[in-house]
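What follows is the content of target_12.cif, which has mmCIF, C-alpha atoms:
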```cif
data_structure
#
loop_
_atom_site.label_atom_id
_atom_site.label_comp_id
_atom_site.auth_asym_id
_atom_site.auth_seq_id
_atom_site.Cartn_x
_atom_site.Cartn_y
_atom_site.Cartn_z
CA MET H 223 15.66 -13.09 21.85
CA THR H 224 15.24 -12.27 18.16
CA LYS H 225 11.74 -11.17 17.28
CA LYS H 226 9.94 -12.85 14.41
CA ALA H 227 7.57 -11.11 11.99
CA LEU H 228 5.29 -12.64 9.40
CA ILE H 229 4.46 -10.40 6.42
CA THR H 230 1.66 -11.29 4.04
CA GLY H 231 2.09 -9.59 0.68
CA ILE H 232 5.87 -9.47 1.10
CA THR H 233 6.45 -9.46 -2.66
CA GLY H 234 4.56 -6.16 -3.02
CA GLN H 235 5.81 -2.61 -2.71
CA ASP H 236 5.05 -2.20 1.00
CA GLY H 237 6.13 -5.73 1.87
CA SER H 238 9.59 -5.21 0.43
CA TYR H 239 10.17 -1.91 2.27
CA LEU H 240 8.78 -3.34 5.52
CA ALA H 241 11.01 -6.42 5.24
CA GLU H 242 14.06 -4.15 4.87
CA LEU H 243 13.06 -2.11 7.92
CA LEU H 244 12.41 -5.15 10.12
CA LEU H 245 15.70 -6.77 9.10
CA ASP H 246 17.48 -3.54 10.06
CA GLU H 247 15.69 -3.74 13.42
CA GLY H 248 17.09 -7.25 13.97
CA TYR H 249 13.94 -9.26 13.20
CA GLU H 250 13.72 -12.68 11.65
CA VAL H 251 11.37 -12.12 8.69
CA ILE H 252 9.00 -14.68 7.22
CA GLY H 253 7.15 -13.74 4.06
CA MET H 254 3.92 -15.45 3.01
CA VAL H 255 3.49 -15.98 -0.73
CA ARG H 256 0.70 -17.63 -2.67
CA ARG H 257 1.45 -20.72 -4.73
CA SER H 258 1.05 -19.15 -8.15
CA SER H 259 2.82 -19.22 -11.49
CA THR H 260 2.62 -15.42 -11.63
CA VAL H 261 4.27 -14.54 -8.30
CA THR H 262 7.27 -12.29 -8.85
CA PHE H 263 10.11 -11.93 -6.35
CA GLU H 264 11.65 -8.95 -8.13
CA ARG H 265 11.07 -6.50 -5.27
CA ILE H 266 12.62 -8.78 -2.64
CA ALA H 267 15.33 -10.43 -4.79
CA HIS H 268 18.03 -8.56 -2.86
CA LEU H 269 16.64 -9.96 0.42
CA GLN H 270 16.23 -13.61 -0.59
CA ASP H 271 19.18 -14.85 1.44
CA ARG H 272 17.99 -12.97 4.56
CA ILE H 273 14.29 -13.88 4.70
CA ALA H 274 12.19 -17.03 4.54
CA THR H 275 9.38 -17.17 1.98
CA VAL H 276 6.68 -19.71 2.76
CA PRO H 277 3.43 -20.69 1.01
CA GLY H 278 0.08 -19.54 2.37
CA ASP H 279 -3.15 -18.00 1.14
CA LEU H 280 -5.69 -15.60 2.64
CA LEU H 281 -8.39 -17.73 0.99
CA ASP H 282 -7.30 -20.81 2.96
CA GLN H 283 -7.49 -20.50 6.74
CA ALA H 284 -5.86 -23.90 7.33
CA SER H 285 -2.68 -22.65 5.64
CA LEU H 286 -2.68 -19.56 7.86
CA ILE H 287 -3.08 -21.60 11.05
CA GLU H 288 -0.26 -23.91 9.95
CA LEU H 289 2.01 -20.94 9.24
CA LEU H 290 1.46 -19.41 12.67
CA ARG H 291 2.00 -22.74 14.43
CA THR H 292 5.16 -23.55 12.49
CA TYR H 293 6.93 -20.19 12.58
CA GLU H 294 5.55 -18.72 15.84
CA PRO H 295 5.79 -15.02 14.86
CA ASP H 296 5.64 -12.26 17.45
CA GLU H 297 4.10 -9.85 14.93
CA VAL H 298 1.92 -10.30 11.84
CA TYR H 299 1.65 -7.59 9.20
CA ASN H 300 -1.26 -8.19 6.84
CA LEU H 301 -0.36 -6.35 3.64
CA ALA H 302 -1.75 -8.88 1.15
CA ALA H 303 -4.85 -7.86 -0.82
CA GLN H 304 -6.36 -7.51 -4.24
CA SER H 305 -5.21 -3.92 -4.10
CA PHE H 306 -5.92 -2.38 -7.50
CA VAL H 307 -9.08 -0.26 -7.33
CA GLN H 308 -9.93 -0.49 -11.06
CA THR H 309 -9.67 -4.32 -10.97
CA SER H 310 -12.06 -4.45 -8.02
CA PHE H 311 -14.92 -3.29 -10.24
CA GLY H 312 -14.30 -6.21 -12.60
CA GLN H 313 -13.63 -8.75 -9.83
CA PRO H 314 -15.75 -7.57 -6.89
CA VAL H 315 -16.37 -11.00 -5.35
CA LEU H 316 -12.69 -12.00 -5.41
CA THR H 317 -11.76 -8.59 -4.00
CA GLY H 318 -14.23 -9.04 -1.13
CA ASP H 319 -13.01 -12.56 -0.41
CA VAL H 320 -9.30 -11.69 -0.32
CA THR H 321 -9.26 -8.08 0.87
CA GLY H 322 -12.20 -8.39 3.29
CA LEU H 323 -12.76 -11.95 4.46
CA GLY H 324 -9.05 -12.74 4.20
CA VAL H 325 -8.49 -10.41 7.16
CA THR H 326 -11.02 -12.38 9.20
CA ARG H 327 -9.32 -15.68 8.39
CA LEU H 328 -5.95 -14.34 9.49
CA LEU H 329 -7.28 -12.68 12.65
CA ASP H 330 -9.11 -15.85 13.60
CA ALA H 331 -5.93 -17.86 13.02
CA VAL H 332 -4.13 -15.51 15.43
CA ARG H 333 -6.93 -15.92 17.97
CA LEU H 334 -6.78 -19.72 17.73
CA VAL H 335 -3.00 -20.19 17.64
CA ASN H 336 -1.62 -17.41 19.85
CA PRO H 337 -3.68 -14.36 20.90
CA ALA H 338 -0.48 -12.67 22.11
CA ILE H 339 0.67 -12.11 18.51
CA ARG H 340 0.59 -8.42 17.58
CA PHE H 341 -1.38 -7.80 14.39
CA TYR H 342 -1.23 -5.00 11.83
CA GLN H 343 -3.99 -4.48 9.26
CA ALA H 344 -3.34 -2.39 6.16
CA SER H 345 -6.43 -0.22 5.95
CA SER H 346 -6.83 2.36 3.20
CA SER H 347 -7.85 5.95 2.57
CA GLU H 348 -10.13 4.55 -0.16
CA MET H 349 -12.51 3.73 2.71
CA PHE H 350 -13.26 7.46 2.95
CA GLY H 351 -14.26 7.54 -0.72
CA LYS H 352 -16.86 10.26 -1.18
CA VAL H 353 -15.45 12.27 1.67
CA VAL H 354 -17.74 13.88 4.22
CA GLU H 355 -15.04 16.12 5.73
CA VAL H 356 -11.64 17.52 4.77
CA PRO H 357 -9.08 16.53 5.90
CA GLN H 358 -9.90 12.96 6.83
CA LYS H 359 -8.92 11.64 10.26
CA GLU H 360 -9.56 8.51 12.32
CA THR H 361 -13.08 9.64 13.30
CA THR H 362 -14.19 10.61 9.78
CA PRO H 363 -17.12 8.45 8.59
CA PHE H 364 -16.38 6.05 5.74
CA TYR H 365 -18.12 6.27 2.36
CA PRO H 366 -16.26 3.87 0.03
CA ARG H 367 -16.74 4.24 -3.72
CA SER H 368 -15.33 0.95 -5.02
CA PRO H 369 -15.52 -2.76 -4.17
CA TYR H 370 -11.91 -2.40 -3.01
CA GLY H 371 -12.85 0.41 -0.61
CA VAL H 372 -15.82 -1.58 0.70
CA ALA H 373 -13.65 -4.67 1.25
CA LYS H 374 -11.00 -2.62 3.04
CA MET H 375 -13.69 -1.13 5.27
CA TYR H 376 -14.82 -4.64 6.24
CA GLY H 377 -11.22 -5.61 7.00
CA HIS H 378 -10.81 -2.49 9.09
CA TRP H 379 -13.93 -3.03 11.20
CA ILE H 380 -13.32 -6.76 11.69
CA THR H 381 -9.89 -5.81 13.06
CA VAL H 382 -11.55 -3.43 15.53
CA ASN H 383 -14.08 -6.15 16.39
CA TYR H 384 -11.41 -8.78 17.14
CA ARG H 385 -9.43 -6.26 19.17
CA GLU H 386 -12.44 -5.48 21.33
CA SER H 387 -13.91 -9.00 21.44
CA TYR H 388 -10.74 -11.03 22.11
CA ASP H 389 -8.36 -8.40 23.52
CA LEU H 390 -5.95 -8.81 20.60
CA HIS H 391 -3.14 -6.30 20.05
CA ALA H 392 -4.57 -5.48 16.61
CA SER H 393 -3.98 -2.10 14.98
CA SER H 394 -4.98 -0.63 11.63
CA GLY H 395 -3.04 1.90 9.61
CA ILE H 396 -5.37 3.97 7.45
CA LEU H 397 -2.71 4.68 4.85
CA PHE H 398 -3.21 7.32 2.22
CA ASN H 399 -1.68 6.81 -1.23
CA HIS H 400 1.97 5.90 -0.92
CA GLU H 401 4.22 5.38 -3.91
CA SER H 402 7.78 4.48 -4.84
CA PRO H 403 9.88 3.17 -7.74
CA ARG H 404 8.64 -0.29 -6.67
CA ARG H 405 5.00 0.57 -7.40
CA GLY H 406 3.26 -1.69 -9.93
CA LEU H 407 2.80 -0.38 -13.47
CA GLU H 408 -0.99 -0.65 -13.13
CA PHE H 409 -1.02 2.25 -10.63
CA VAL H 410 -1.36 5.73 -12.13
CA THR H 411 1.77 7.18 -10.48
CA ARG H 412 4.09 4.47 -11.81
CA LYS H 413 2.22 4.48 -15.13
CA ILE H 414 3.12 8.16 -15.42
CA SER H 415 6.77 7.86 -14.34
CA ASN H 416 7.33 4.88 -16.63
CA ALA H 417 5.68 6.63 -19.59
CA VAL H 418 7.78 9.76 -19.02
CA ALA H 419 10.94 7.65 -19.22
CA ARG H 420 9.78 5.81 -22.34
CA ILE H 421 8.74 9.03 -24.08
CA LYS H 422 12.03 10.73 -23.16
CA LEU H 423 13.98 7.77 -24.54
CA GLY H 424 11.94 7.62 -27.73
CA GLN H 425 10.12 4.39 -26.90
CA ALA H 426 6.62 5.91 -26.71
CA SER H 427 4.80 8.96 -28.03
CA GLU H 428 1.82 9.37 -25.70
CA LEU H 429 0.36 8.62 -22.27
CA ARG H 430 -3.35 7.83 -21.95
CA LEU H 431 -4.95 8.74 -18.63
CA GLY H 432 -8.42 9.15 -17.11
CA ASN H 433 -9.42 11.83 -14.61
CA LEU H 434 -6.60 14.38 -14.31
CA GLU H 435 -8.46 16.34 -11.64
CA ALA H 436 -8.57 13.53 -9.06
CA LYS H 437 -6.58 14.66 -6.01
CA ARG H 438 -4.61 12.42 -3.68
CA ASP H 439 -2.41 12.69 -0.61
CA TRP H 440 0.74 11.03 -1.98
CA GLY H 441 3.62 9.94 0.26
CA PHE H 442 6.65 7.65 0.03
CA ALA H 443 6.08 3.98 0.83
CA GLY H 444 9.41 3.75 2.67
CA ASP H 445 8.16 6.37 5.14
CA TYR H 446 4.80 4.68 5.60
CA VAL H 447 6.07 1.22 6.56
CA ARG H 448 7.88 2.87 9.46
CA ALA H 449 4.46 3.88 10.80
CA MET H 450 3.28 0.24 10.55
CA TYR H 451 6.23 -0.90 12.64
CA LEU H 452 5.72 1.84 15.25
CA MET H 453 2.06 0.86 15.74
CA LEU H 454 3.02 -2.63 16.87
CA GLN H 455 5.61 -1.29 19.32
CA GLN H 456 2.94 0.58 21.33
CA ASP H 457 1.59 -0.75 24.62
CA THR H 458 -1.99 -0.25 23.43
CA PRO H 459 -3.34 -1.08 19.95
CA ASP H 460 -5.18 1.61 18.02
CA ASP H 461 -6.00 2.93 14.54
CA PHE H 462 -3.97 5.66 12.86
CA VAL H 463 -4.25 7.78 9.73
CA VAL H 464 -0.88 7.87 7.92
CA SER H 465 -0.59 10.72 5.41
CA THR H 466 1.37 13.82 4.40
CA GLY H 467 -1.48 16.30 4.85
CA GLU H 468 -0.95 17.64 1.31
CA THR H 469 -3.10 16.95 -1.74
CA HIS H 470 -2.05 17.02 -5.38
CA SER H 471 -3.90 16.27 -8.60
CA VAL H 472 -2.96 13.72 -11.25
CA ARG H 473 -2.39 16.78 -13.46
CA GLU H 474 0.23 18.10 -11.00
CA PHE H 475 1.92 14.71 -10.92
CA CYS H 476 2.19 14.85 -14.73
CA GLU H 477 3.54 18.42 -14.65
CA VAL H 478 6.33 17.53 -12.22
CA ALA H 479 7.18 14.19 -13.85
CA PHE H 480 7.41 15.47 -17.43
CA GLY H 481 9.03 18.73 -16.34
CA HIS H 482 11.79 16.79 -14.58
CA VAL H 483 13.06 15.53 -17.96
CA GLY H 484 12.42 18.80 -19.80
CA LEU H 485 9.14 17.85 -21.49
CA ASP H 486 5.73 19.57 -21.64
CA TRP H 487 3.16 17.08 -20.38
CA GLU H 488 0.37 18.63 -22.46
CA GLU H 489 2.10 17.50 -25.65
CA PHE H 490 1.93 13.83 -24.66
CA VAL H 491 -1.01 13.17 -22.30
CA VAL H 492 -4.25 12.00 -23.91
CA ILE H 493 -7.52 11.81 -21.93
CA ASP H 494 -9.13 8.40 -22.39
CA GLU H 495 -12.56 7.76 -20.86
CA ALA H 496 -11.71 4.04 -20.66
CA PHE H 497 -9.63 4.89 -17.59
CA TYR H 498 -12.43 6.61 -15.68
CA ARG H 499 -13.87 4.64 -12.75
CA PRO H 500 -17.61 3.87 -12.50
CA ALA H 501 -17.60 5.84 -9.23
CA GLU H 502 -14.76 8.31 -8.77
CA VAL H 503 -13.03 9.44 -5.58
CA ASP H 504 -12.28 13.10 -6.18
CA LEU H 505 -10.34 14.27 -3.15
CA LEU H 506 -8.36 12.53 -0.42
CA VAL H 507 -6.16 14.33 2.11
CA GLY H 508 -5.33 13.03 5.56
CA ASP H 509 -4.71 14.46 9.01
CA ALA H 510 -1.93 12.40 10.61
CA ALA H 511 -1.79 14.40 13.85
CA LYS H 512 -2.59 11.33 15.95
CA ALA H 513 0.27 9.32 14.41
CA ARG H 514 2.60 12.26 14.87
CA ASP H 515 1.69 12.72 18.53
CA ALA H 516 1.34 9.07 19.62
CA LEU H 517 3.93 7.36 17.41
CA GLY H 518 6.39 10.18 16.81
CA TRP H 519 5.95 9.56 13.08
CA LYS H 520 6.17 12.07 10.25
CA PRO H 521 6.85 11.74 6.51
CA GLU H 522 10.35 12.59 5.34
CA VAL H 523 9.97 12.52 1.54
CA GLY H 524 7.95 15.36 -0.05
CA PHE H 525 5.82 15.30 -3.21
CA GLN H 526 8.40 16.74 -5.62
CA GLU H 527 11.12 14.42 -4.34
CA LEU H 528 8.80 11.42 -4.63
CA VAL H 529 7.84 12.16 -8.25
CA THR H 530 11.40 12.84 -9.39
CA MET H 531 12.65 9.75 -7.54
CA MET H 532 10.19 7.61 -9.48
CA VAL H 533 11.05 9.19 -12.84
CA ASP H 534 14.80 8.82 -12.23
CA ALA H 535 14.35 5.17 -11.27
CA ASP H 536 12.39 4.42 -14.44
CA MET H 537 14.94 6.27 -16.56
CA ASP H 538 17.72 4.17 -15.02
CA LEU H 539 15.72 0.98 -15.48
CA LEU H 540 14.96 1.58 -19.16
CA GLN H 541 18.45 2.84 -19.97
CA GLY H 542 19.84 -0.31 -18.37
CA LYS H 543 17.60 -2.47 -20.56
CA LEU H 544 18.66 -0.52 -23.65
CA ARG H 545 22.33 -1.02 -22.82
CA ALA H 546 21.73 -4.73 -22.25
CA ILE H 547 20.24 -5.23 -25.71
CA GLY H 548 22.42 -2.65 -27.48
#
```
Let me see the structure of the file written as structure tokens.
Amino acid sequence: MTKKALITGITGQDGSYLAELLLDEGYEVIGMVRRSSTVTFERIAHLQDRIATVPGDLLDQASLIELLRTYEPDEVYNLAAQSFVQTSFGQPVLTGDVTGLGVTRLLDAVRLVNPAIRFYQASSSEMFGKVVEVPQKETTPFYPRSPYGVAKMYGHWITVNYRESYDLHASSGILFNHESPRRGLEFVTRKISNAVARIKLGQASELRLGNLEAKRDWGFAGDYVRAMYLMLQQDTPDDFVVSTGETHSVREFCEVAFGHVGLDWEEFVVIDEAFYRPAEVDLLVGDAAKARDALGWKPEVGFQELVTMMVDADMDLLQGKLRAIG
């Protein structure tokens, strides 16, 4: 029989890549979307005739219960969240309600409707925050430095709690930063790649950034959703760090991105303190040995390829818009 998967946050970067993967694996895919005038289907437009999009909200448990009863999924991937770290400082209560308590509402809906459903929780390397060891692995203590990181930590531990309390097949992927051409413009990586394209094409003259020395373990989102899928195919649920094991600074990202189109980043990047966080996370780098050994997972796209992929995609996008209006 065809397996069914419900994806919350299907309109986001990870949701779109995961939907593609599950469709290729023969799944019937149901995507939960909030009733909102601002929801965009741009990332899944090419999948619209192959998936079902249905209304639901992590703030409303009744809608989650109804979804599970109506569509009877075999697997649930919880990717929905208020996921922008900077916004979490301005909207800490909303972030906690959606990104933290929303996980509880969905887990409890699974427990009430069908405890046999396999559940994936999108945890985050931001939970490590002010890191206490390098690299970070599954046993590394958490020290979140943002309301987003705190909310993700709650979601992570409530997933562990429901797994142990109710014997749910509930796993968490502690994903380090993962990017792609589908990343939102509010994230620094896409902000850089988009600015590089606009500067190269004469549509902008500068790029304003915050802390250039912040270091992250950046991978490709298309690789990382494969790890999510593999977790739910295991006999036993568990938690896994998903990362490349390499760390690069925002400065390095700029160097590669601008260099790819023949520009010197130092001529265009302006440091703006408005983009500094109240509490900064300086260094994140993961140890994905457990995922490699237990899941057979490893990243396929390297840092240079990821950066140039994003710049090329933004160049193509902007050149297409120019041709359309020219």
Within 8 Å of Gly248 in chain H using all atoms listed in the file, minus same-chain residues under 3 positions, as an MDAnalysis selection string: chainID H and resid 224:225 244:245
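Across the model, the gap from CA of Asp536 in chain H to CA of Ser415 in chain H is 6.6 Å.
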What lies within 7 Å of range 264-266 of chain H using all atoms listed in the file, ignoring chain neighbours under 2 positions off, as a PDB file with C-alpha atoms, in the frame of the given file?
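selection-v1.pdb was written with the following content:
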```pdb
ATOM      1  CA  THR H 233       6.450  -9.460  -2.660  1.00  0.00           C
ATOM      2  CA  GLY H 234       4.560  -6.160  -3.020  1.00  0.00           C
ATOM      3  CA  SER H 238       9.590  -5.210   0.430  1.00  0.00           C
ATOM      4  CA  THR H 262       7.270 -12.290  -8.850  1.00  0.00           C
ATOM      5  CA  HIS H 268      18.030  -8.560  -2.860  1.00  0.00           C
ATOM      6  CA  LEU H 269      16.640  -9.960   0.420  1.00  0.00           C
ATOM      7  CA  GLN H 270      16.230 -13.610  -0.590  1.00  0.00           C
ATOM      8  CA  ARG H 404       8.640  -0.290  -6.670  1.00  0.00           C
TER       9      ARG H 404
END
```
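Among the candidates H:Arg405, H:Lys226, H:Arg272, H:Arg257, the residue lying nearest to Glu294 in chain H is H:Lys226 (atoms considered: only C-alpha atoms).
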Sphere at (-6.8, 5.1, 6.3), radius 9 Å, counting all atoms listed in the file: residues as a ChimeraX atom specification: /H:344-350,358-360,394-398,461-465,508
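The space separating CA of His470 in chain H from CA of Leu540 in chain H comes to 26.8 Å.
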